[in-house]
Amino acid sequence: MSLTKTITNSVDYNIWVTEQLVNWLQNYPEDLLQKECASSFNSIAKTLKHISDTQLYWSSMIRGTATPAFDYIATSVDIKTEMENLVNEAKLLAAYVKENNEAMHKQHLIESEWFSSNFPKYEYLQHLIIHTTYHRGQIVTIGHHVGVTKAPMMDYNFWNVMSQQNSEPQLSGN
């Protein structure tokens with residue numbers, strides 16, 4: 001598989017898995033999503049906000065847009081807004097990547113208060129996908145502790161097999 005195909009699959013998967021996560025969580029009352037539990041971010045809502053904020057951060061690096069400002073550890077979360085932001089940013093990122101494939105191979109210097117790096121943009125995309133996968137797992141685990149259960153299948157291989165068979169899952173925007 002070519003790098004271009006891998007990158008395209010990554011952004012298509014990111015849209016699909018983000019929609020799976022949001023559709024699942026929308027079935028539960030907000031008080032359960034805000035309920036605190038021991039974890040890196042102590043609620044589903046705060047973990048969702050972290051995923052949304054960091055996806056926006058990495059997407060801005062990849063797309064070359066203004067770097068957003070956000071609280072590293074949020075004290076309050078508007079869940080509906082964060083869900084919308086998460087899905088919308090996944091779609092914006094996918095559109096950019098598909099329209100600017102050559103740019104994904106170019107080095108991009110990032111100098112921030114936390115680190116400095118100069119990697120091809122596709123490596124930042126890979127980090128974004130891995131990072132959100134990690135935190136989606138935390139959301140599932142927190143859910144088990146607070147009564148948010150029956151998480152959908154969010155596995156990349158499941159998505160890949162199903163999309164190769166031209167059946168569910170449906171890819172957004174395709």
# chains A, B, ... in the order shown; residues from 1 in each chain; ligands from 1
call {"tool": "residues_around", "arguments": {"residues": "segment 122-132 of chain A", "least_positions_apart": "3", "cutoff": "8 Å", "atoms": "only C-alpha atoms", "output": "count of residues only"}}
result
14
call {"tool": "select_by_dssp", "arguments": {"residues": "segment 1-83 of chain A", "states": "helix (DSSP H, G or I)", "output": "PyMOL selection string"}}
result
chain A and resi 3-25+30-34+44-63+79-83
call {"tool": "select_by_dssp", "arguments": {"residues": "segment 25-145 of chain A", "states": "strand (DSSP E or B)", "output": "ChimeraX atom specification"}}
result
/A:107-111,116-120
call {"tool": "residues_around", "arguments": {"residues": "Glu30 of chain A", "least_positions_apart": "4", "cutoff": "12 Å", "atoms": "only C-alpha atoms", "output": "list in words"}}
result
Leu25, Gln26, Gln34, Lys35, Glu36, Ser43, Ile44, Ala45, Val77, Asp78, Ile79, Lys80, Val146, Gly147 and Val148 of chain A
call {"tool": "write_last_selection", "arguments": {"atoms": "N, CA, C and O atoms", "output": "compact mmCIF listing (two decimals), in the first residue's frame"}}
result
# COMPACT_ATOMS: atom_id res chain seq x y z
N LEU A 25 -21.89 8.10 22.36
CA LEU A 25 -22.00 8.92 23.57
C LEU A 25 -23.28 9.73 23.62
O LEU A 25 -23.80 10.00 24.71
N GLN A 26 -23.84 10.09 22.46
CA GLN A 26 -25.08 10.87 22.45
C GLN A 26 -26.27 10.09 23.00
O GLN A 26 -27.31 10.68 23.30
N GLN A 34 -20.32 13.52 32.34
CA GLN A 34 -19.58 14.45 33.21
C GLN A 34 -19.11 13.78 34.50
O GLN A 34 -18.29 14.34 35.21
N LYS A 35 -19.63 12.59 34.80
CA LYS A 35 -19.31 11.91 36.06
C LYS A 35 -17.82 11.62 36.15
O LYS A 35 -17.22 11.10 35.21
N GLU A 36 -17.24 11.94 37.30
CA GLU A 36 -15.80 11.80 37.47
C GLU A 36 -15.38 10.39 37.88
O GLU A 36 -16.11 9.68 38.56
N SER A 43 -13.12 12.44 33.42
CA SER A 43 -14.49 12.18 32.99
C SER A 43 -14.47 11.94 31.48
O SER A 43 -13.51 12.30 30.79
N ILE A 44 -15.55 11.36 31.00
CA ILE A 44 -15.68 11.19 29.55
C ILE A 44 -15.67 12.56 28.89
O ILE A 44 -15.00 12.78 27.87
N ALA A 45 -16.40 13.51 29.46
CA ALA A 45 -16.49 14.86 28.88
C ALA A 45 -15.11 15.51 28.77
O ALA A 45 -14.77 16.07 27.72
N VAL A 77 -16.99 21.51 30.46
CA VAL A 77 -17.04 21.07 29.07
C VAL A 77 -18.47 21.18 28.56
O VAL A 77 -19.39 20.65 29.18
N ASP A 78 -18.63 21.84 27.42
CA ASP A 78 -19.90 21.84 26.71
C ASP A 78 -19.83 20.64 25.75
O ASP A 78 -19.21 20.71 24.68
N ILE A 79 -20.42 19.54 26.15
CA ILE A 79 -20.26 18.27 25.45
C ILE A 79 -20.75 18.35 24.01
O ILE A 79 -20.06 17.89 23.09
N LYS A 80 -21.92 18.94 23.78
CA LYS A 80 -22.45 19.01 22.42
C LYS A 80 -21.52 19.80 21.50
O LYS A 80 -21.27 19.40 20.36
N VAL A 146 -18.61 4.36 34.95
CA VAL A 146 -19.69 5.32 35.25
C VAL A 146 -21.03 4.93 34.65
O VAL A 146 -22.01 5.67 34.79
N GLY A 147 -21.12 3.79 33.97
CA GLY A 147 -22.39 3.34 33.44
C GLY A 147 -22.64 3.66 31.97
O GLY A 147 -23.78 3.59 31.51
N VAL A 148 -21.60 4.04 31.25
CA VAL A 148 -21.71 4.28 29.81
C VAL A 148 -21.10 3.04 29.14
O VAL A 148 -19.89 2.89 29.09
call {"tool": "closest_residue", "arguments": {"among": "A:Thr8, A:Ser52, A:Thr81, A:Thr18", "to": "Asn101 of chain A", "atoms": "only C-alpha atoms"}}
result
A:Thr8
call {"tool": "residues_around", "arguments": {"residues": "segment 66-68 of chain A", "least_positions_apart": "5", "cutoff": "9 Å", "atoms": "only C-alpha atoms", "output": "list in words"}}
result
Asp53, Leu56, Tyr57, Trp58, Ser60 and Met61 of chain A
call {"tool": "atom_distance", "arguments": {"atom1": "atom CA of Phe115 of chain A", "atom2": "atom CA of Arg63 of chain A"}}
result
18.9 Å
